[in-house]
>>> print(open('my_file.txt').read())   # compact mmCIF, C-alpha atoms and all ligand atoms
# COMPACT_ATOMS: atom_id res chain seq x y z
CA MET K 90 105.98 71.15 -94.55
CA LYS K 91 104.51 74.61 -95.15
CA ASN K 92 104.26 75.57 -98.82
CA VAL K 93 106.07 78.89 -99.15
CA TYR K 94 107.17 81.09 -102.03
CA ASN K 95 110.17 83.14 -100.99
CA PHE K 96 110.49 86.51 -102.76
CA ALA K 97 113.62 87.56 -100.84
CA PRO K 98 116.25 89.52 -102.78
CA GLY K 99 119.09 87.46 -101.32
CA PRO K 100 119.85 85.10 -99.80
CA ALA K 101 117.07 83.88 -102.03
CA MET K 102 115.07 80.86 -103.07
CA LEU K 103 117.08 78.00 -104.58
CA PRO K 104 115.81 75.43 -107.11
CA ARG K 105 113.88 72.69 -105.31
CA PRO K 106 115.62 69.83 -107.22
CA VAL K 107 119.00 71.22 -106.12
CA MET K 108 117.91 71.32 -102.48
CA LYS K 109 116.55 67.75 -102.72
CA LYS K 110 119.79 66.48 -104.20
CA ALA K 111 121.83 68.25 -101.50
CA GLN K 112 119.56 66.70 -98.87
CA GLU K 113 119.96 63.20 -100.34
CA GLU K 114 123.74 63.35 -100.26
CA PHE K 115 124.08 65.48 -97.14
CA LEU K 116 125.63 62.75 -95.02
CA ASP K 117 127.32 60.75 -97.75
CA TRP K 118 128.69 62.76 -100.63
CA ASN K 119 129.88 60.87 -103.66
CA GLY K 120 130.28 57.63 -101.73
CA THR K 121 132.89 59.22 -99.45
CA GLY K 122 130.86 58.45 -96.31
CA MET K 123 131.29 62.13 -95.41
CA SER K 124 129.41 65.32 -96.05
CA VAL K 125 130.87 67.57 -98.72
CA MET K 126 131.32 70.05 -95.85
CA GLU K 127 133.67 67.65 -94.11
CA VAL K 128 135.88 66.94 -97.10
CA SER K 129 139.20 68.69 -97.73
CA HIS K 130 139.19 71.27 -100.47
CA ARG K 131 142.43 69.67 -101.59
CA SER K 132 140.95 66.16 -101.87
CA LYS K 133 140.69 64.69 -105.33
CA GLU K 134 136.89 64.57 -104.96
CA PHE K 135 136.58 68.28 -104.25
CA ILE K 136 139.11 69.28 -106.91
CA ALA K 137 137.01 67.27 -109.37
CA LEU K 138 133.90 69.16 -108.24
CA ALA K 139 135.70 72.49 -108.66
CA GLU K 140 136.87 71.61 -112.15
CA GLU K 141 133.51 70.25 -113.24
CA SER K 142 131.65 73.28 -111.88
CA GLU K 143 133.88 75.61 -113.83
CA ALA K 144 133.43 73.54 -116.99
CA ASP K 145 129.64 73.62 -116.51
CA LEU K 146 129.64 77.38 -115.92
CA ARG K 147 131.81 77.94 -119.00
CA ASP K 148 129.41 75.83 -121.01
CA VAL K 149 126.27 77.58 -119.68
CA LEU K 150 127.62 81.11 -120.19
CA GLY K 151 129.78 80.43 -123.23
CA ILE K 152 132.90 81.84 -121.54
CA PRO K 153 135.73 82.29 -124.05
CA SER K 154 139.06 80.57 -123.35
CA ASN K 155 140.90 83.88 -122.77
CA TYR K 156 138.83 84.47 -119.62
CA LYS K 157 139.60 83.12 -116.19
CA VAL K 158 136.85 82.16 -113.73
CA LEU K 159 137.63 82.89 -110.07
CA PHE K 160 135.54 81.50 -107.22
CA MET K 161 136.17 84.07 -104.53
CA GLN K 162 134.94 85.14 -101.09
CA GLY K 163 133.91 88.45 -99.55
CA GLY K 164 130.69 88.82 -101.52
CA ALA K 165 130.16 91.16 -104.43
CA THR K 166 131.07 94.00 -102.07
CA SER K 167 134.68 92.82 -101.85
CA GLN K 168 134.87 93.34 -105.61
CA PHE K 169 133.90 96.99 -105.21
CA ALA K 170 137.39 97.33 -103.70
CA MET K 171 139.27 94.66 -105.63
CA VAL K 172 138.45 96.04 -109.05
CA PRO K 173 140.03 99.46 -108.39
CA MET K 174 142.85 97.99 -106.24
CA ASN K 175 143.89 95.77 -109.12
CA LEU K 176 143.08 97.92 -112.14
CA LEU K 177 143.90 101.45 -110.99
CA GLN K 178 147.58 100.95 -110.33
CA GLY K 179 149.86 103.61 -111.77
CA GLY K 180 147.48 106.51 -111.14
CA LYS K 181 144.90 105.56 -113.74
CA SER K 182 141.27 106.66 -113.47
CA ALA K 183 137.99 104.78 -113.93
CA ASP K 184 134.50 105.82 -115.08
CA TYR K 185 131.38 104.85 -113.13
CA ILE K 186 127.75 104.86 -114.26
CA HIS K 187 125.29 105.58 -111.46
CA THR K 188 121.94 103.85 -111.88
CA GLY K 189 121.05 103.06 -108.27
CA SER K 190 122.21 101.95 -104.84
CA TRP K 191 124.69 99.28 -105.87
CA SER K 192 126.55 101.27 -108.52
CA VAL K 193 126.76 104.23 -106.14
CA LYS K 194 128.07 101.98 -103.38
CA ALA K 195 130.69 100.53 -105.72
CA TYR K 196 131.80 104.05 -106.65
CA LYS K 197 132.09 105.14 -103.02
CA GLU K 198 134.25 102.14 -102.21
CA ALA K 199 136.40 102.71 -105.31
CA GLN K 200 137.05 106.30 -104.18
CA ARG K 201 139.07 104.84 -101.31
CA HIS K 202 141.39 103.03 -103.69
CA GLY K 203 141.99 105.28 -106.68
CA LYS K 204 140.82 108.02 -109.01
CA VAL K 205 137.22 107.59 -110.14
CA ARG K 206 134.72 109.73 -112.06
CA VAL K 207 130.96 109.63 -112.48
CA ALA K 208 130.48 109.46 -116.25
CA ALA K 209 126.67 109.36 -116.13
CA THR K 210 123.95 109.28 -113.51
CA SER K 211 120.18 108.95 -113.30
CA LYS K 212 120.12 110.53 -109.82
CA GLU K 213 117.81 113.32 -110.97
CA GLN K 214 115.34 110.70 -112.15
CA ASN K 215 115.55 109.09 -108.72
CA TYR K 216 117.45 106.19 -110.33
CA MET K 217 114.26 105.00 -112.01
CA THR K 218 115.85 104.94 -115.46
CA ILE K 219 119.22 104.51 -117.18
CA PRO K 220 121.00 107.54 -118.67
CA GLU K 221 120.98 107.42 -122.48
CA ARG K 222 124.29 106.05 -123.71
CA SER K 223 124.81 109.17 -125.88
CA THR K 224 124.97 111.32 -122.72
CA TRP K 225 127.74 109.33 -121.02
CA GLN K 226 130.90 111.43 -120.64
CA LEU K 227 133.48 108.70 -121.00
CA ASP K 228 137.20 109.16 -120.66
CA LYS K 229 138.83 107.23 -123.50
CA ASP K 230 141.93 106.70 -121.34
CA ALA K 231 140.02 105.25 -118.39
CA ALA K 232 141.25 101.95 -116.96
CA TYR K 233 137.67 100.66 -117.08
CA VAL K 234 133.99 101.62 -117.20
CA TYR K 235 131.96 100.23 -114.31
CA TYR K 236 128.21 99.68 -114.15
CA CYS K 237 125.66 97.54 -112.34
CA SER K 238 123.64 95.68 -114.96
CA ASN K 239 120.70 94.98 -112.62
CA GLU K 240 120.01 97.32 -109.71
CA THR K 241 118.47 94.94 -107.19
CA ILE K 242 116.96 97.61 -104.95
CA GLY K 243 115.39 99.91 -107.54
CA GLY K 244 114.51 97.10 -109.97
CA VAL K 245 116.29 98.69 -112.95
CA GLU K 246 117.95 96.43 -115.53
CA PHE K 247 120.08 97.09 -118.58
CA GLN K 248 118.46 95.23 -121.48
CA SER K 249 121.58 95.41 -123.64
CA ILE K 250 125.33 95.75 -123.14
CA PRO K 251 126.53 99.34 -123.44
CA ASP K 252 129.21 99.95 -126.07
CA VAL K 253 132.20 101.67 -124.46
CA GLY K 254 134.70 101.10 -127.23
CA ALA K 255 138.10 99.72 -126.33
CA VAL K 256 137.94 100.53 -122.60
CA PRO K 257 137.32 97.36 -120.54
CA LEU K 258 133.76 97.10 -119.29
CA VAL K 259 133.24 95.92 -115.70
CA ALA K 260 129.74 94.78 -114.75
CA ASP K 261 128.21 93.86 -111.41
CA MET K 262 125.70 91.22 -112.54
CA THR K 263 125.05 89.87 -109.05
CA SER K 264 121.27 89.95 -109.17
CA HIS K 265 120.68 88.79 -112.74
CA ALA K 266 123.65 86.57 -113.56
CA LEU K 267 122.55 83.37 -115.31
CA SER K 268 119.09 84.76 -116.07
CA ARG K 269 119.79 85.41 -119.76
CA PRO K 270 122.43 84.59 -122.37
CA ILE K 271 125.18 87.23 -122.54
CA ASP K 272 128.17 87.81 -124.77
CA VAL K 273 131.00 87.48 -122.24
CA SER K 274 133.54 88.71 -124.80
CA LYS K 275 132.08 92.22 -124.46
CA PHE K 276 133.32 92.46 -120.85
CA GLY K 277 136.61 92.96 -119.09
CA ILE K 278 135.29 91.70 -115.74
CA ILE K 279 131.95 90.24 -114.68
CA ILE K 280 131.14 90.13 -110.96
CA ALA K 281 128.40 87.91 -109.57
CA GLY K 282 127.80 87.36 -105.87
CA SER K 283 126.24 83.97 -105.26
CA GLN K 284 123.26 84.45 -102.97
CA LYS K 285 120.83 85.95 -105.49
CA ASN K 286 120.76 83.60 -108.45
CA ILE K 287 123.63 81.16 -108.04
CA GLY K 288 123.67 79.48 -104.63
CA PRO K 289 124.02 80.21 -100.93
CA ALA K 290 125.94 83.23 -99.64
CA GLY K 291 129.70 82.95 -99.41
CA LEU K 292 130.93 82.92 -102.98
CA VAL K 293 131.46 85.58 -105.57
CA LEU K 294 132.22 84.63 -109.15
CA VAL K 295 134.68 86.81 -111.01
CA ILE K 296 135.01 86.25 -114.74
CA ILE K 297 138.03 88.20 -115.89
CA ARG K 298 139.76 88.67 -119.24
CA GLU K 299 143.29 87.36 -118.92
CA ASP K 300 145.05 90.53 -120.01
CA LEU K 301 143.47 92.39 -117.04
CA ILE K 302 144.84 89.96 -114.48
CA GLY K 303 148.36 91.33 -114.69
CA THR K 304 151.15 90.06 -112.48
CA GLU K 305 151.20 89.58 -108.73
CA SER K 306 151.55 92.85 -106.88
CA ALA K 307 154.10 93.39 -104.12
CA HIS K 308 151.60 95.61 -102.27
CA LEU K 309 148.17 94.00 -102.44
CA PRO K 310 147.07 91.44 -99.86
CA SER K 311 147.44 88.17 -101.76
CA LEU K 312 143.77 87.20 -101.34
CA LEU K 313 142.80 90.53 -102.94
CA ASP K 314 145.13 90.11 -105.89
CA TYR K 315 143.52 88.67 -109.04
CA ALA K 316 146.90 87.42 -110.29
CA HIS K 317 147.51 85.54 -107.05
CA MET K 318 144.02 84.02 -107.00
CA ALA K 319 144.24 83.05 -110.68
CA ALA K 320 147.65 81.44 -110.21
CA ASN K 321 146.24 79.39 -107.33
CA GLU K 322 143.01 78.29 -109.06
CA SER K 323 140.93 80.14 -106.42
CA MET K 324 142.39 77.87 -103.73
CA SER K 325 145.09 80.01 -102.20
CA ASN K 326 143.26 79.39 -98.94
CA THR K 327 140.16 77.37 -98.03
CA PRO K 328 137.24 78.33 -100.27
CA PRO K 329 133.60 78.19 -99.03
CA THR K 330 133.25 74.58 -100.11
CA PHE K 331 129.56 74.09 -99.34
CA SER K 332 128.51 77.20 -101.28
CA TRP K 333 130.69 76.09 -104.16
CA TYR K 334 129.07 72.63 -104.09
CA ILE K 335 125.54 74.08 -104.23
CA ALA K 336 126.53 76.46 -107.02
CA ALA K 337 127.86 73.45 -108.93
CA LEU K 338 124.46 71.75 -108.55
CA VAL K 339 122.72 74.93 -109.73
CA PHE K 340 124.87 75.04 -112.90
CA LYS K 341 123.85 71.42 -113.64
CA TRP K 342 120.21 72.29 -112.96
CA ILE K 343 120.35 75.19 -115.43
CA LYS K 344 121.84 72.90 -118.08
CA ALA K 345 119.15 70.28 -117.50
CA GLU K 346 116.42 72.92 -117.74
CA GLY K 347 117.61 74.04 -121.18
CA GLY K 348 120.32 76.57 -120.36
CA LEU K 349 120.18 80.35 -120.27
CA LYS K 350 117.72 80.60 -123.16
CA ALA K 351 115.19 78.67 -121.07
CA MET K 352 116.03 80.75 -117.97
CA GLU K 353 115.43 83.91 -120.00
CA GLN K 354 112.12 82.69 -121.42
CA ASN K 355 110.90 81.88 -117.92
CA ALA K 356 112.09 85.24 -116.59
CA ILE K 357 110.28 87.10 -119.37
CA LYS K 358 107.07 85.15 -118.66
CA ARG K 359 107.20 85.61 -114.89
CA SER K 360 108.05 89.30 -114.90
CA GLY K 361 105.78 90.07 -117.85
CA LYS K 362 102.80 88.58 -116.07
CA LEU K 363 103.53 90.44 -112.83
CA TYR K 364 104.11 93.83 -114.50
CA ALA K 365 100.92 93.34 -116.56
CA ALA K 366 98.95 92.73 -113.36
CA ILE K 367 100.47 95.85 -111.77
CA ASP K 368 99.78 98.01 -114.83
CA ALA K 369 96.21 96.72 -115.18
CA SER K 370 95.34 97.75 -111.61
CA GLY K 371 94.64 101.24 -110.40
CA PHE K 372 95.91 100.21 -106.97
CA TYR K 373 99.50 99.07 -107.59
CA GLN K 374 102.21 100.98 -109.36
CA ASN K 375 105.73 100.38 -110.63
CA PRO K 376 107.77 103.57 -110.98
CA VAL K 377 110.56 102.27 -113.25
CA ASP K 378 111.04 103.43 -116.86
CA LYS K 379 109.29 100.63 -118.79
CA ARG K 380 112.31 100.14 -121.05
CA TYR K 381 114.46 99.16 -118.09
CA ARG K 382 112.18 97.26 -115.78
CA SER K 383 114.01 94.40 -114.12
CA ARG K 384 112.94 90.84 -114.88
CA MET K 385 114.40 89.76 -111.54
CA ASN K 386 113.37 92.42 -108.99
CA VAL K 387 109.86 93.73 -109.50
CA THR K 388 109.07 96.69 -107.25
CA PHE K 389 105.60 98.04 -106.65
CA THR K 390 103.86 100.45 -104.35
CA LEU K 391 100.31 100.35 -102.98
CA LYS K 392 98.01 103.29 -103.58
CA ASP K 393 97.97 103.90 -99.83
CA ALA K 394 101.28 103.24 -98.06
CA ASN K 395 99.35 102.87 -94.78
CA LEU K 396 98.17 99.50 -96.12
CA ASP K 397 101.73 98.17 -96.58
CA GLY K 398 101.78 96.41 -93.21
CA LYS K 399 98.43 94.74 -93.82
CA PHE K 400 99.51 93.64 -97.30
CA LEU K 401 102.66 92.01 -95.92
CA GLN K 402 100.65 90.32 -93.19
CA GLU K 403 98.12 88.85 -95.64
CA ALA K 404 100.93 87.82 -97.99
CA LYS K 405 102.71 85.98 -95.20
CA ALA K 406 99.48 84.22 -94.22
CA ALA K 407 99.21 83.05 -97.86
CA GLY K 408 102.79 81.69 -97.77
CA LEU K 409 104.31 84.58 -99.73
CA GLU K 410 107.45 85.65 -97.89
CA ALA K 411 109.83 88.61 -97.90
CA LEU K 412 107.93 91.02 -100.15
CA LYS K 413 108.88 94.13 -98.22
CA GLY K 414 110.76 96.62 -100.39
CA HIS K 415 114.19 97.90 -99.41
CA ARG K 416 114.04 100.51 -96.65
CA SER K 417 115.57 103.11 -98.98
CA VAL K 418 112.67 102.96 -101.47
CA GLY K 419 109.75 101.53 -99.48
CA GLY K 420 106.78 99.69 -100.98
CA MET K 421 107.12 96.09 -102.09
CA ARG K 422 109.67 94.13 -104.03
CA ALA K 423 109.14 90.68 -105.49
CA SER K 424 112.48 89.11 -106.33
CA ILE K 425 111.77 86.42 -108.89
CA TYR K 426 115.04 84.73 -109.76
CA ASN K 427 115.54 81.54 -111.78
CA ALA K 428 114.31 79.30 -108.96
CA MET K 429 110.89 80.98 -108.64
CA PRO K 430 108.23 78.83 -110.30
CA MET K 431 105.40 80.47 -112.23
CA GLU K 432 103.02 79.17 -109.52
CA GLY K 433 104.70 81.58 -107.08
CA VAL K 434 104.02 84.55 -109.33
CA ASP K 435 100.45 83.36 -109.92
CA ALA K 436 99.90 83.10 -106.16
CA LEU K 437 101.24 86.63 -105.69
CA ILE K 438 98.99 88.05 -108.41
CA THR K 439 95.96 86.30 -106.86
CA LEU K 440 96.80 87.79 -103.47
CA MET K 441 97.29 91.25 -104.97
CA GLN K 442 93.93 91.10 -106.72
CA GLU K 443 92.09 89.88 -103.62
CA PHE K 444 93.76 92.57 -101.51
CA GLU K 445 92.75 95.26 -103.99
CA ARG K 446 89.17 94.01 -103.99
CA LYS K 447 89.02 94.18 -100.18
CA HIS K 448 90.94 97.40 -99.60
CA GLY K 449 91.04 99.22 -102.94
C1 LIG F 501 123.39 91.91 -103.19
C2 LIG F 501 124.20 92.71 -104.13
C3 LIG F 501 125.52 93.08 -103.83
C4 LIG F 501 126.19 92.79 -102.50
O1 LIG F 501 126.43 91.46 -102.30
P1 LIG F 501 127.19 91.00 -100.96
O2 LIG F 501 127.36 89.53 -101.18
O3 LIG F 501 126.31 91.32 -99.79
O4 LIG F 501 128.50 91.70 -100.91
C5 LIG F 501 126.22 93.79 -104.78
N1 LIG F 501 125.68 94.12 -105.96
C6 LIG F 501 124.41 93.78 -106.28
C7 LIG F 501 123.86 94.17 -107.60
C8 LIG F 501 123.63 93.07 -105.37
O5 LIG F 501 122.37 92.74 -105.68
>>> encode(input="my_file.txt", output="structure tokens")
Amino acid sequence: MKNVYNFAPGPAMLPRPVMKKAQEEFLDWNGTGMSVMEVSHRSKEFIALAEESEADLRDVLGIPSNYKVLFMQGGATSQFAMVPMNLLQGGKSADYIHTGSWSVKAYKEAQRHGKVRVAATSKEQNYMTIPERSTWQLDKDAAYVYYCSNETIGGVEFQSIPDVGAVPLVADMTSHALSRPIDVSKFGIIIAGSQKNIGPAGLVLVIIREDLIGTESAHLPSLLDYAHMAANESMSNTPPTFSWYIAALVFKWIKAEGGLKAMEQNAIKRSGKLYAAIDASGFYQNPVDKRYRSRMNVTFTLKDANLDGKFLQEAKAAGLEALKGHRSVGGMRASIYNAMPMEGVDALITLMQEFERKHG
């Protein structure tokens, strides 16, 4: 089998031990003689998996007991609509912080469902930084403040949790969930789509403070109603069982590796080494404000954009996949989530240095 390091932003690389375990029990899960994919979500075996996965996630993240964990579908994008549909009832308004593509997209979707304001934006800085907290124009009566804590496309990451007082804070953590310890009690809602750092596509985790769940609405589609989903333990209809199963294995893998502290240490080492290599060269450049550089999505440009194609070609030949940056920003992007071993980053740095020597 070809040895490949996959730098894709998502769906992304998964931990090798998780993939091995899934392979081992692919045809016979838990002694059932069936694949987990073939088992009813209402079977006692799958219910046990669901309960254990939630317990593991609560343990890993330190989720307080007054928060509910929902295993939902529709990707993180569905939450761009669900958050305002559920929280903006009664004509309330919400504040959005624009720091890049994903927070802007969430705002645009929310506009369809209620009253929203932009309380701060780094648009004029090309979304390469985060607006200073002191400049945010927050409405103290807002239903919530929404931000994206790691902008996957620009590679911009909040390094601390913004203080927004008593207004519930809603964070899209899709591309850096489980990469560092966080204080869940500071949030009203945490959103995390699965295919970046949690498992295969198909799931989105919603961690929601109980007082924000409310009561079932007579108007919302039931699958888009947090109260309905919470009352039905995320099993109102058939959940994406295979994605859930892999996510459950990933939670166990994180625990075995030493939890989120270990994930964070590894992320700091990987990204630190890559940014140092970029900064030390006169050939590669990262445009992000150094205070907010992402540990998960490292973007860089080549001195001559005409060499981009050649760089990608040589990278692919060296087994380094999916380094092309998002079409909206160009250049390269190395997504280095929890599953990326240091050897992958080392191989990328070696390739970058050889390429610079040949073409620089
Ligand atoms: C990938 C991503 C999304 C969208 O996820 P989907 O599962 O495609 O809906 C949303 N927010 C962030 C920060 C992302 O990285």
>>> residues_around(input="my_file.txt", residues="stretch 383-393 of chain K", least_positions_apart="5", cutoff="6 Å", atoms="only C-alpha atoms", output="ChimeraX atom specification")
/K:241,244-246,356,360,372-375,420-426
>>> write_last_selection(input="my_file.txt", atoms="C-alpha atoms", output="CSV table (one decimal), keeping the file's coordinate frame")
chain,number,residue,atom,x,y,z
K,241,THR,CA,118.5,94.9,-107.2
K,244,GLY,CA,114.5,97.1,-110.0
K,245,VAL,CA,116.3,98.7,-113.0
K,246,GLU,CA,118.0,96.4,-115.5
K,356,ALA,CA,112.1,85.2,-116.6
K,360,SER,CA,108.0,89.3,-114.9
K,372,PHE,CA,95.9,100.2,-107.0
K,373,TYR,CA,99.5,99.1,-107.6
K,374,GLN,CA,102.2,101.0,-109.4
K,375,ASN,CA,105.7,100.4,-110.6
K,420,GLY,CA,106.8,99.7,-101.0
K,421,MET,CA,107.1,96.1,-102.1
K,422,ARG,CA,109.7,94.1,-104.0
K,423,ALA,CA,109.1,90.7,-105.5
K,424,SER,CA,112.5,89.1,-106.3
K,425,ILE,CA,111.8,86.4,-108.9
K,426,TYR,CA,115.0,84.7,-109.8
>>> residues_around(input="my_file.txt", residues="K:Leu349", least_positions_apart="3", cutoff="7 Å", atoms="only C-alpha atoms", output="list in words")
Val149, Leu267, Ser268, Arg269, Pro270, Met352 and Glu353 of chain K
>>> closest_atom_pairs(input="my_file.txt", of="chain K", to="ligand LIG 501 (chain F)", cutoff="9 Å", atoms="all atoms listed in the file", output="CSV")
residue,atom,partner,partner_atom,distance
K:Pro98,CA,F:LIG501,O5,7.5
K:Gly99,CA,F:LIG501,C1,6.5
K:Pro100,CA,F:LIG501,C1,8.4
K:Gln162,CA,F:LIG501,O2,8.8
K:Gly163,CA,F:LIG501,O4,6.5
K:Gly164,CA,F:LIG501,O2,3.4
K:Ala165,CA,F:LIG501,O4,3.9
K:Thr166,CA,F:LIG501,O4,3.6
K:Ser167,CA,F:LIG501,O4,6.4
K:Gln168,CA,F:LIG501,O4,8.1
K:Phe169,CA,F:LIG501,C5,8.3
K:Ser190,CA,F:LIG501,C7,8.4
K:Trp191,CA,F:LIG501,N1,5.3
K:Ser192,CA,F:LIG501,N1,7.6
K:Lys194,CA,F:LIG501,C5,8.5
K:Ala195,CA,F:LIG501,N1,8.1
K:Cys237,CA,F:LIG501,C7,6.1
K:Ser238,CA,F:LIG501,C7,7.5
K:Asn239,CA,F:LIG501,C7,6.0
K:Glu240,CA,F:LIG501,C7,5.4
K:Thr241,CA,F:LIG501,O5,4.7
K:Ile242,CA,F:LIG501,O5,7.3
K:Asp261,CA,F:LIG501,C7,5.8
K:Met262,CA,F:LIG501,C7,6.0
K:Thr263,CA,F:LIG501,C7,4.7
K:Ser264,CA,F:LIG501,O5,4.6
K:His265,CA,F:LIG501,C7,8.1
K:Ile280,CA,F:LIG501,N1,8.4
K:Ala281,CA,F:LIG501,N1,7.7
K:Gly282,CA,F:LIG501,O2,5.2
K:Ser283,CA,F:LIG501,O2,7.0
K:Gln284,CA,F:LIG501,O2,6.8
K:Lys285,CA,F:LIG501,C1,6.9
K:Ala290,CA,F:LIG501,O2,6.6
K:Gly291,CA,F:LIG501,O2,7.2
K:Leu292,CA,F:LIG501,O2,7.7
K:Val293,CA,F:LIG501,O2,7.2
>>> write_last_selection(input="my_file.txt", atoms="C-alpha atoms", output="compact mmCIF listing (two decimals), keeping the file's coordinate frame")
# COMPACT_ATOMS: atom_id res chain seq x y z
CA PRO K 98 116.25 89.52 -102.78
CA GLY K 99 119.09 87.46 -101.32
CA PRO K 100 119.85 85.10 -99.80
CA GLN K 162 134.94 85.14 -101.09
CA GLY K 163 133.91 88.45 -99.55
CA GLY K 164 130.69 88.82 -101.52
CA ALA K 165 130.16 91.16 -104.43
CA THR K 166 131.07 94.00 -102.07
CA SER K 167 134.68 92.82 -101.85
CA GLN K 168 134.87 93.34 -105.61
CA PHE K 169 133.90 96.99 -105.21
CA SER K 190 122.21 101.95 -104.84
CA TRP K 191 124.69 99.28 -105.87
CA SER K 192 126.55 101.27 -108.52
CA LYS K 194 128.07 101.98 -103.38
CA ALA K 195 130.69 100.53 -105.72
CA CYS K 237 125.66 97.54 -112.34
CA SER K 238 123.64 95.68 -114.96
CA ASN K 239 120.70 94.98 -112.62
CA GLU K 240 120.01 97.32 -109.71
CA THR K 241 118.47 94.94 -107.19
CA ILE K 242 116.96 97.61 -104.95
CA ASP K 261 128.21 93.86 -111.41
CA MET K 262 125.70 91.22 -112.54
CA THR K 263 125.05 89.87 -109.05
CA SER K 264 121.27 89.95 -109.17
CA HIS K 265 120.68 88.79 -112.74
CA ILE K 280 131.14 90.13 -110.96
CA ALA K 281 128.40 87.91 -109.57
CA GLY K 282 127.80 87.36 -105.87
CA SER K 283 126.24 83.97 -105.26
CA GLN K 284 123.26 84.45 -102.97
CA LYS K 285 120.83 85.95 -105.49
CA ALA K 290 125.94 83.23 -99.64
CA GLY K 291 129.70 82.95 -99.41
CA LEU K 292 130.93 82.92 -102.98
CA VAL K 293 131.46 85.58 -105.57
>>> residues_around(input="my_file.txt", residues="K:Pro106", least_positions_apart="2", cutoff="10 Å", atoms="all atoms listed in the file", output="count of residues only")
11
>>> closest_atom_pairs(input="my_file.txt", of="stretch 325-427 of chain K", to="stretch 212-224 of chain K", cutoff="12 Å", atoms="all atoms listed in the file", output="tab-separated table")
residue	atom	partner	partner_atom	distance
K:Asn375	CA	K:Met217	CA	9.8
K:Pro376	CA	K:Met217	CA	6.7
K:Val377	CA	K:Met217	CA	4.8
K:Asp378	CA	K:Thr218	CA	5.2
K:Lys379	CA	K:Thr218	CA	8.5
K:Arg380	CA	K:Thr218	CA	8.2
K:Tyr381	CA	K:Thr218	CA	6.5
K:Arg382	CA	K:Thr218	CA	8.5
K:Ser383	CA	K:Thr218	CA	10.8
K:Thr388	CA	K:Met217	CA	10.9
K:Ser417	CA	K:Asn215	CA	11.4
K:Val418	CA	K:Asn215	CA	9.9
>>> atom_distance(input="my_file.txt", atom1="atom CA of K:Pro173", atom2="atom CA of K:Arg201")
8.9 Å
>>> atom_distance(input="my_file.txt", atom1="atom CA of K:Ser325", atom2="atom CA of K:Ile279")
20.8 Å
>>> atom_distance(input="my_file.txt", atom1="atom CA of K:Gly151", atom2="atom CA of K:Val256")
21.7 Å
>>> residues_around(input="my_file.txt", residues="K:Ile250", least_positions_apart="6", cutoff="10 Å", atoms="all atoms listed in the file", output="list in words")
Ser238, Leu258, Ala260, Ile271, Asp272, Lys275 and Phe276 of chain K
>>> write_last_selection(input="my_file.txt", atoms="C-alpha atoms", output="PDB file, in the coordinates of the input")
ATOM      1  CA  SER K 238     123.640  95.680-114.960  1.00  0.00           C
ATOM      2  CA  LEU K 258     133.760  97.100-119.290  1.00  0.00           C
ATOM      3  CA  ALA K 260     129.740  94.780-114.750  1.00  0.00           C
ATOM      4  CA  ILE K 271     125.180  87.230-122.540  1.00  0.00           C
ATOM      5  CA  ASP K 272     128.170  87.810-124.770  1.00  0.00           C
ATOM      6  CA  LYS K 275     132.080  92.220-124.460  1.00  0.00           C
ATOM      7  CA  PHE K 276     133.320  92.460-120.850  1.00  0.00           C
TER       8      PHE K 276
END
>>> residues_around(input="my_file.txt", residues="K:Asp228", least_positions_apart="4", cutoff="9 Å", atoms="only C-alpha atoms", output="number ranges by chain")
K: 182-184, 206, 208, 234, 256
>>> residues_near_point(input="my_file.txt", point="(145.4, 112.1, -110.8)", cutoff="10 Å", atoms="all atoms listed in the file", output="list of chain:residue names")
K:Gly179, K:Gly180, K:Lys181, K:Ser182, K:Gly203, K:Lys204, K:Val205
>>> closest_residue(input="my_file.txt", among="K:Ala209, K:Ala394, K:Asn92, K:Leu150", to="K:Glu432", atoms="only C-alpha atoms")
K:Asn92
>>> residues_near_point(input="my_file.txt", point="(133.8, 63.4, -102.5)", cutoff="10 Å", atoms="only C-alpha atoms", output="count of residues only")
21
>>> closest_residue(input="my_file.txt", among="K:Asp148, K:Ala337, K:Phe96, K:Met171", to="K:Gly414", atoms="all atoms listed in the file")
K:Phe96
>>> closest_residue(input="my_file.txt", among="K:Ile287, K:Val93, K:Met441, K:Ile367", to="K:Ser332", atoms="only C-alpha atoms")
K:Ile287
>>> closest_residue(input="my_file.txt", among="K:Leu309, K:Met102, K:Ile186, K:Met90", to="K:Ala170", atoms="all atoms listed in the file")
K:Leu309
>>> closest_residue(input="my_file.txt", among="K:Leu437, K:Leu159, K:Leu116, K:Ala139", to="K:Ala404", atoms="only C-alpha atoms")
K:Leu437
